[in-house]
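**Q** The structure's right below; bear with me while I get my questions together.
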Amino acid sequence: MPNIHNITRWWSEHTLKGLAALRQALVNQFGEPKEDEVSALAWIAFCRVIIETSSAAFNHVSMSFHDEVTRYEIEQIEYLYLKIVDAIAQSASEDIIAGRATVYFADGREPASINGVKYSHIVTSPPYPNRISYIRELRPYMYWTKFLNTAREAGELDWKAIGGTWGIATSRLCDWESNGVELPDSLKRVVSQIFETEEKNALLMANYVWKYFHDMHLHLQNLRNNLKKGAVLSYIVGNSSFYGVPVHTEKLLEDSLKSLGFTNIGSKVIRKRNSKKELFEYCVYASYQESRKYEPLFLSANQTKGEQLALL
Ligand SMILES: C[S@@+](CC[C@H](N)C(=O)[O-])C[C@H]1O[C@@H](n2cnc3c(N)ncnc32)[C@H](O)[C@@H]1O
């Protein structure tokens with residue numbers, strides 16, 4: 001059984017026994033989860049079972065808990081697992097995926113180069129400065145698959161994550177200082193405004209925002225070495241607000257891109273977010289070593305397929 005803090009908030013004692021038995025059956029059949037294995041699909045099905053049988057609720061921006069845990073019998077767990085495996089097997093047999101994709105493990109802030117490849121287009125949705133912790137959200141999977149074993153490891157991993165604030169990462173934020181990275185003045189102004197609200201956690205939140213943009217700046221700075229001349233960046237990000245101080249993520253990232261020598265910099269609203277009326281998602285775009293002026297093309301769901309094709 002995984003070493004998750006307060007585990008019976010997630011699953012009843014009874015359900016836990018069934019999940020642990022299912023886990024052991026999978027280990028006996030396939031061994032522990034590993035990379036590059038078809039058996040990973042069996043573990044993905046297991047991950048879906050642990051979430052379906054848990055009290056996790058996904059009706060908020062970040063995960064919360066239902067008031068009560070449900071008791072599942074081992075037969076129900078087995079039935080659910082087999083149903084999910086069938087659905088995955090069917091989907092895997094029907095869907096023909098065009099092209100090839102490869103997943104590499106790297107820290108986006110480091111000057112890592114993977115096999116010397118230079119990229120022509122980066123399309124990504126990095127974390128937003130909204131205090132979502134990916135470790136917090138993904139703990140059940142990470143612990144049950146044994147990629148994480150202790151709370152300390154979870155905090156250490158979140159400290160490496162851009163915008164991470166789980167466990168030890170939160171306490172480290174309080175006395176964190178950027179060492180030597182030259183950041184845009186617009187960021188310094190927002191950080192001071194948050195700090196000056198004098199709210200109880202003003203220092204923590206100011207440092208949180210500071211470190212988020214510091215890490216994104218580091219990422220963009222190091223990424224330049226891995227870009228082809230004329231490469232295009234498309235980053236989907238959300239804005240935010242702390243104690244009424246608006247944090248214009250798109251503008252702050254545009255300022256970082258400018259100071260790092262990117263060109264054709266801009267942003268466009270992609271959609272409204274469900275949470276608060278002043279929150280939007282943007283596509284921040286830029287190009288690298290490209291003097292030709294252009295604005296990227298945005299296709300909208302309101303356009304017909306024909307209109308979209310004509311634009312392309
Ligand atoms: C908003 S999610 C988007 C996931 C995926 N890019 C997508 O578009 O569906 C942000 C992702 O960035 C990852 N991340 C955070 N810090 C990172 C870092 N330092 N290096 C690489 N990835 C990181 C998080 O774990 C999370 O999966």
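Labels for the structure tokens follow display order: chains A, B, ..., residues from 1 in each chain, ligands from 1.
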To check your reading of the model: which residues sit at most 7 Å from ligand 1 when counting only C-alpha atoms and all ligand atoms? Write the answer as an MDAnalysis selection string.

**A** chainID A and resid 106:109 124:128 134 160:163

**Q** When DSSP works through the backbone of this structure, what residues of range 69-293 of chain A end up as strand (DSSP E or B), shown as a JSON list (two decimals) with N, CA and C atoms, in the first residue's frame?

**A**
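Wrote selection.json, looks like this:
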[["chain", "number", "residue", "atom", "x", "y", "z"],
["A", 119, "TYR", "N", 14.72, 22.47, -32.78],
["A", 119, "TYR", "CA", 13.28, 22.47, -33.03],
["A", 119, "TYR", "C", 12.85, 23.64, -33.90],
["A", 120, "SER", "N", 11.80, 23.41, -34.75],
["A", 120, "SER", "CA", 11.30, 24.49, -35.59],
["A", 120, "SER", "C", 10.02, 25.08, -35.00],
["A", 121, "HIS", "N", 9.35, 24.37, -34.12],
["A", 121, "HIS", "CA", 8.11, 24.89, -33.52],
["A", 121, "HIS", "C", 7.93, 24.28, -32.14],
["A", 122, "ILE", "N", 7.74, 25.12, -31.15],
["A", 122, "ILE", "CA", 7.46, 24.62, -29.79],
["A", 122, "ILE", "C", 6.00, 24.94, -29.50],
["A", 123, "VAL", "N", 5.20, 23.92, -29.27],
["A", 123, "VAL", "CA", 3.80, 24.13, -28.91],
["A", 123, "VAL", "C", 3.61, 23.53, -27.54],
["A", 124, "THR", "N", 3.25, 24.34, -26.57],
["A", 124, "THR", "CA", 3.11, 23.77, -25.23],
["A", 124, "THR", "C", 2.16, 24.58, -24.36],
["A", 227, "LEU", "N", 16.88, 25.84, -30.70],
["A", 227, "LEU", "CA", 15.93, 26.29, -31.73],
["A", 227, "LEU", "C", 16.61, 26.47, -33.07],
["A", 228, "LYS", "N", 15.88, 26.11, -34.14],
["A", 228, "LYS", "CA", 16.38, 26.39, -35.50],
["A", 228, "LYS", "C", 16.17, 27.87, -35.77],
["A", 229, "LYS", "N", 16.91, 28.41, -36.70],
["A", 229, "LYS", "CA", 16.71, 29.80, -37.11],
["A", 229, "LYS", "C", 15.27, 29.92, -37.66],
["A", 230, "GLY", "N", 14.53, 30.93, -37.21],
["A", 230, "GLY", "CA", 13.16, 31.11, -37.68],
["A", 230, "GLY", "C", 12.13, 30.28, -36.92],
["A", 231, "ALA", "N", 12.57, 29.60, -35.85],
["A", 231, "ALA", "CA", 11.63, 28.75, -35.09],
["A", 231, "ALA", "C", 10.50, 29.58, -34.48],
["A", 232, "VAL", "N", 9.35, 28.94, -34.30],
["A", 232, "VAL", "CA", 8.16, 29.62, -33.77],
["A", 232, "VAL", "C", 7.80, 29.01, -32.41],
["A", 233, "LEU", "N", 7.37, 29.89, -31.50],
["A", 233, "LEU", "CA", 6.93, 29.43, -30.17],
["A", 233, "LEU", "C", 5.43, 29.70, -30.03],
["A", 234, "SER", "N", 4.66, 28.75, -29.56],
["A", 234, "SER", "CA", 3.23, 28.97, -29.25],
["A", 234, "SER", "C", 2.99, 28.42, -27.85],
["A", 235, "TYR", "N", 2.80, 29.31, -26.88],
["A", 235, "TYR", "CA", 2.63, 28.90, -25.48],
["A", 235, "TYR", "C", 1.24, 29.27, -25.00],
["A", 236, "ILE", "N", 0.50, 28.27, -24.51],
["A", 236, "ILE", "CA", -0.84, 28.55, -23.99],
["A", 236, "ILE", "C", -0.72, 28.76, -22.48],
["A", 237, "VAL", "N", -1.09, 29.96, -22.04],
["A", 237, "VAL", "CA", -0.96, 30.28, -20.60],
["A", 237, "VAL", "C", -2.20, 31.04, -20.10],
["A", 238, "GLY", "N", -2.40, 31.03, -18.80],
["A", 238, "GLY", "CA", -3.53, 31.76, -18.22],
["A", 238, "GLY", "C", -3.03, 32.90, -17.36],
["A", 240, "SER", "N", -3.75, 35.60, -14.02],
["A", 240, "SER", "CA", -4.02, 35.22, -12.64],
["A", 240, "SER", "C", -4.21, 36.48, -11.81],
["A", 241, "SER", "N", -4.58, 36.33, -10.54],
["A", 241, "SER", "CA", -4.61, 37.52, -9.68],
["A", 241, "SER", "C", -4.35, 37.08, -8.23],
["A", 242, "PHE", "N", -3.60, 37.89, -7.49],
["A", 242, "PHE", "CA", -3.28, 37.60, -6.10],
["A", 242, "PHE", "C", -3.68, 38.79, -5.25],
["A", 245, "VAL", "N", -4.33, 41.88, -7.03],
["A", 245, "VAL", "CA", -3.28, 42.39, -7.93],
["A", 245, "VAL", "C", -3.28, 41.52, -9.20],
["A", 246, "PRO", "N", -3.61, 42.13, -10.35],
["A", 246, "PRO", "CA", -3.64, 41.30, -11.56],
["A", 246, "PRO", "C", -2.24, 40.87, -11.99],
["A", 247, "VAL", "N", -2.11, 39.62, -12.38],
["A", 247, "VAL", "CA", -0.82, 39.12, -12.90],
["A", 247, "VAL", "C", -1.05, 38.78, -14.37],
["A", 263, "THR", "N", 11.69, 37.65, -31.58],
["A", 263, "THR", "CA", 11.02, 38.66, -32.41],
["A", 263, "THR", "C", 9.56, 38.23, -32.68],
["A", 264, "ASN", "N", 8.81, 39.08, -33.39],
["A", 264, "ASN", "CA", 7.40, 38.77, -33.72],
["A", 264, "ASN", "C", 6.60, 38.36, -32.48],
["A", 265, "ILE", "N", 6.81, 39.10, -31.38],
["A", 265, "ILE", "CA", 6.20, 38.70, -30.10],
["A", 265, "ILE", "C", 4.79, 39.24, -29.98],
["A", 266, "GLY", "N", 3.87, 38.45, -29.51],
["A", 266, "GLY", "CA", 2.51, 38.92, -29.27],
["A", 266, "GLY", "C", 1.72, 37.88, -28.52],
["A", 267, "SER", "N", 0.42, 38.19, -28.28],
["A", 267, "SER", "CA", -0.44, 37.19, -27.63],
["A", 267, "SER", "C", -1.87, 37.41, -28.07],
["A", 268, "LYS", "N", -2.66, 36.37, -27.96],
["A", 268, "LYS", "CA", -4.06, 36.46, -28.38],
["A", 268, "LYS", "C", -4.91, 35.65, -27.41],
["A", 269, "VAL", "N", -6.08, 36.21, -27.05],
["A", 269, "VAL", "CA", -6.97, 35.46, -26.14],
["A", 269, "VAL", "C", -7.50, 34.23, -26.88],
["A", 270, "ILE", "N", -7.40, 33.07, -26.22],
["A", 270, "ILE", "CA", -7.88, 31.83, -26.83],
["A", 270, "ILE", "C", -9.27, 31.50, -26.27],
["A", 271, "ARG", "N", -9.43, 31.63, -24.96],
["A", 271, "ARG", "CA", -10.76, 31.38, -24.38],
["A", 271, "ARG", "C", -10.86, 31.97, -22.97],
["A", 272, "LYS", "N", -12.11, 32.11, -22.54],
["A", 272, "LYS", "CA", -12.38, 32.56, -21.17],
["A", 272, "LYS", "C", -12.25, 31.36, -20.26],
["A", 280, "PHE", "N", -8.46, 34.60, -18.36],
["A", 280, "PHE", "CA", -8.47, 34.16, -19.76],
["A", 280, "PHE", "C", -7.29, 33.23, -20.02],
["A", 281, "GLU", "N", -7.40, 32.48, -21.12],
["A", 281, "GLU", "CA", -6.24, 31.75, -21.61],
["A", 281, "GLU", "C", -5.76, 32.42, -22.87],
["A", 282, "TYR", "N", -4.45, 32.51, -23.01],
["A", 282, "TYR", "CA", -3.85, 33.22, -24.14],
["A", 282, "TYR", "C", -2.91, 32.28, -24.89],
["A", 283, "CYS", "N", -2.69, 32.60, -26.17],
["A", 283, "CYS", "CA", -1.56, 31.98, -26.85],
["A", 283, "CYS", "C", -0.50, 33.09, -26.95],
["A", 284, "VAL", "N", 0.63, 32.88, -26.31],
["A", 284, "VAL", "CA", 1.75, 33.82, -26.42],
["A", 284, "VAL", "C", 2.65, 33.27, -27.52],
["A", 285, "TYR", "N", 2.95, 34.11, -28.51],
["A", 285, "TYR", "CA", 3.77, 33.60, -29.62],
["A", 285, "TYR", "C", 5.00, 34.47, -29.83],
["A", 286, "ALA", "N", 5.98, 33.88, -30.48],
["A", 286, "ALA", "CA", 7.22, 34.60, -30.78],
["A", 286, "ALA", "C", 7.99, 33.79, -31.80],
["A", 287, "SER", "N", 8.98, 34.41, -32.42],
["A", 287, "SER", "CA", 9.87, 33.61, -33.26],
["A", 287, "SER", "C", 11.31, 33.90, -32.90]]

**Q** Pick out the residues sitting within 10 Å of Ser192 in chain A, and hand them over as a PDB file with C-alpha atoms, in the first residue's frame; count only C-alpha atoms, and ignore anything fewer than 5 positions along from it in its own chain.

**A**
ATOM      1  CA  LEU A 187       7.811  41.570 -13.105  1.00  0.00           C
ATOM      2  CA  THR A 197      -0.788  44.132   0.094  1.00  0.00           C
ATOM      3  CA  ALA A 202       1.882  38.220   0.908  1.00  0.00           C
ATOM      4  CA  LEU A 203       5.590  37.326   1.037  1.00  0.00           C
ATOM      5  CA  ALA A 206       5.048  37.447  -4.049  1.00  0.00           C
ATOM      6  CA  ASN A 207       7.910  34.926  -4.052  1.00  0.00           C
ATOM      7  CA  TRP A 210       8.618  35.835  -8.778  1.00  0.00           C
TER       8      TRP A 210
END

**Q** Near range 180-186 of chain A, counting only C-alpha atoms, which residues have an atom at most 9 Å away, once you skip same-chain residues fewer than 5 positions from it, shown as a list in words?

**A**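 In the requested format, the answer is Val191, Phe213, His214, His217, Leu218, Lys251, Leu252, Asp255, Ser256 and Ser259 of chain A.
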
**Q** Would you output that residue set with N, CA and C atoms, as an mmCIF file, in the first residue's frame?

**A**
data_model
loop_
_atom_site.group_PDB
_atom_site.id
_atom_site.type_symbol
_atom_site.label_atom_id
_atom_site.label_comp_id
_atom_site.auth_asym_id
_atom_site.auth_seq_id
_atom_site.Cartn_x
_atom_site.Cartn_y
_atom_site.Cartn_z
ATOM 1 N N VAL A 191 5.559 41.881 -8.433
ATOM 2 C CA VAL A 191 5.989 41.188 -7.209
ATOM 3 C C VAL A 191 5.906 42.155 -6.023
ATOM 4 N N PHE A 213 7.930 33.199 -12.759
ATOM 5 C CA PHE A 213 8.408 33.903 -13.962
ATOM 6 C C PHE A 213 9.928 33.769 -14.121
ATOM 7 N N HIS A 214 10.629 33.654 -13.022
ATOM 8 C CA HIS A 214 12.071 33.404 -13.056
ATOM 9 C C HIS A 214 12.331 32.076 -13.777
ATOM 10 N N HIS A 217 11.507 32.237 -17.417
ATOM 11 C CA HIS A 217 12.558 33.008 -18.090
ATOM 12 C C HIS A 217 13.767 32.100 -18.348
ATOM 13 N N LEU A 218 14.150 31.337 -17.320
ATOM 14 C CA LEU A 218 15.276 30.393 -17.470
ATOM 15 C C LEU A 218 15.005 29.408 -18.606
ATOM 16 N N LYS A 251 1.641 39.242 -20.769
ATOM 17 C CA LYS A 251 2.495 40.429 -20.944
ATOM 18 C C LYS A 251 3.868 40.194 -20.307
ATOM 19 N N LEU A 252 3.876 39.561 -19.144
ATOM 20 C CA LEU A 252 5.146 39.326 -18.444
ATOM 21 C C LEU A 252 6.022 38.362 -19.248
ATOM 22 N N ASP A 255 7.476 40.207 -22.150
ATOM 23 C CA ASP A 255 8.626 41.031 -21.746
ATOM 24 C C ASP A 255 9.886 40.176 -21.618
ATOM 25 N N SER A 256 9.742 38.957 -21.083
ATOM 26 C CA SER A 256 10.893 38.049 -20.993
ATOM 27 C C SER A 256 11.400 37.731 -22.399
ATOM 28 N N SER A 259 13.324 40.612 -23.870
ATOM 29 C CA SER A 259 14.658 40.813 -23.297
ATOM 30 C C SER A 259 15.606 39.685 -23.708
#

**Q** Taking the DSSP secondary structure from the backbone, can you list the residues of range 45-234 of chain A that are helix (DSSP H, G or I), as a VMD selection string?

**A** chain A and resid 45 to 52 74 to 94 134 to 144 151 to 160 168 to 174 185 to 196 202 to 226

**Q** Within 8 Å of Ala154 in chain A, counting only C-alpha atoms, which residues qualify if same-chain residues fewer than 4 places away don't, as a PyMOL selection string?

**A** chain A and resi 135+139+148+150+158+166-167

**Q** Go through A:Ile168, A:Gly244, A:Asn239, A:Leu279 one by one, measure the shortest atom-to-atom distance of each to Phe195 in chain A using only C-alpha atoms, and give the residue with the smallest value.

**A**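 Ranking A:Ile168, A:Gly244, A:Asn239, A:Leu279 by distance to Phe195 in chain A, first place goes to A:Gly244.
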
**Q** Name all residues at most 9 Å from Ile84 in chain A (count only C-alpha atoms; drop same-chain ones fewer than 2 positions away) and give them as a list of chain:residue names.

**A**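 Contacts, in chain order: A:Ala45, A:Phe46, A:Arg48, A:Val49, A:Tyr79, A:Leu80, A:Tyr81, A:Leu82, A:Asp86, A:Ala87, A:Ile88, A:Ala89.
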
**Q** Produce a file of the selected residues containing C-alpha atoms, as a short mmCIF file (atom, residue, chain, number, x, y, z; two decimals), in the first residue's frame.

**A**
data_model
loop_
_atom_site.label_atom_id
_atom_site.label_comp_id
_atom_site.auth_asym_id
_atom_site.auth_seq_id
_atom_site.Cartn_x
_atom_site.Cartn_y
_atom_site.Cartn_z
CA ALA A 45 -6.03 0.86 -16.41
CA PHE A 46 -5.00 0.37 -12.77
CA ARG A 48 -8.00 4.71 -13.66
CA VAL A 49 -9.37 2.22 -11.13
CA TYR A 79 -15.14 -5.85 -12.63
CA LEU A 80 -14.19 -2.18 -13.00
CA TYR A 81 -10.60 -3.06 -13.89
CA LEU A 82 -11.64 -5.52 -16.61
CA ASP A 86 -11.41 -3.71 -22.44
CA ALA A 87 -12.09 -0.06 -23.27
CA ILE A 88 -8.36 0.70 -23.53
CA ALA A 89 -7.69 -2.42 -25.64
#

**Q** Between CA of Val61 in chain A and CA of Asn201 in chain A, measure the distance and give it in Å to one decimal.

**A**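 Distance between the two atoms: 20.6 Å.
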
**Q** CA of Gln303 in chain A and CA of Ala98 in chain A are how many Å apart?

**A**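 A separation of 24.5 Å between them.
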
**Q** Please provide as a list in words all residues within 9 Å of Glu137 in chain A, with the sequence filter that same-chain residues fewer than 4 positions apart are discarded (counting only C-alpha atoms).

**A**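 In the requested format, the answer is Ser62, Met63, Ile132 and Ser133 of chain A.
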
**Q** Can you write just those residues out, C-alpha atoms, as a PDB file, in the first residue's frame?

**A**
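Printed below is part04.pdb as written:
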ATOM      1  CA  SER A  62      -7.780  21.856  -8.363  1.00  0.00           C
ATOM      2  CA  MET A  63      -8.729  18.440  -7.018  1.00  0.00           C
ATOM      3  CA  ILE A 132      -1.885  24.317  -9.172  1.00  0.00           C
ATOM      4  CA  SER A 133       0.607  21.713  -8.034  1.00  0.00           C
TER       5      SER A 133
END

**Q** Given only C-alpha atoms as the basis, pick out the residue of A:Gly18, A:Pro2, A:Gly99, A:Pro111 nearest to Asn225 in chain A.

**A** A:Pro111

**Q** Grab the CA of Glu156 in chain A to CA of Ser171 in chain A distance for me, in Å with one decimal place.

**A**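 CA of Glu156 in chain A sits 11.4 Å away from CA of Ser171 in chain A.
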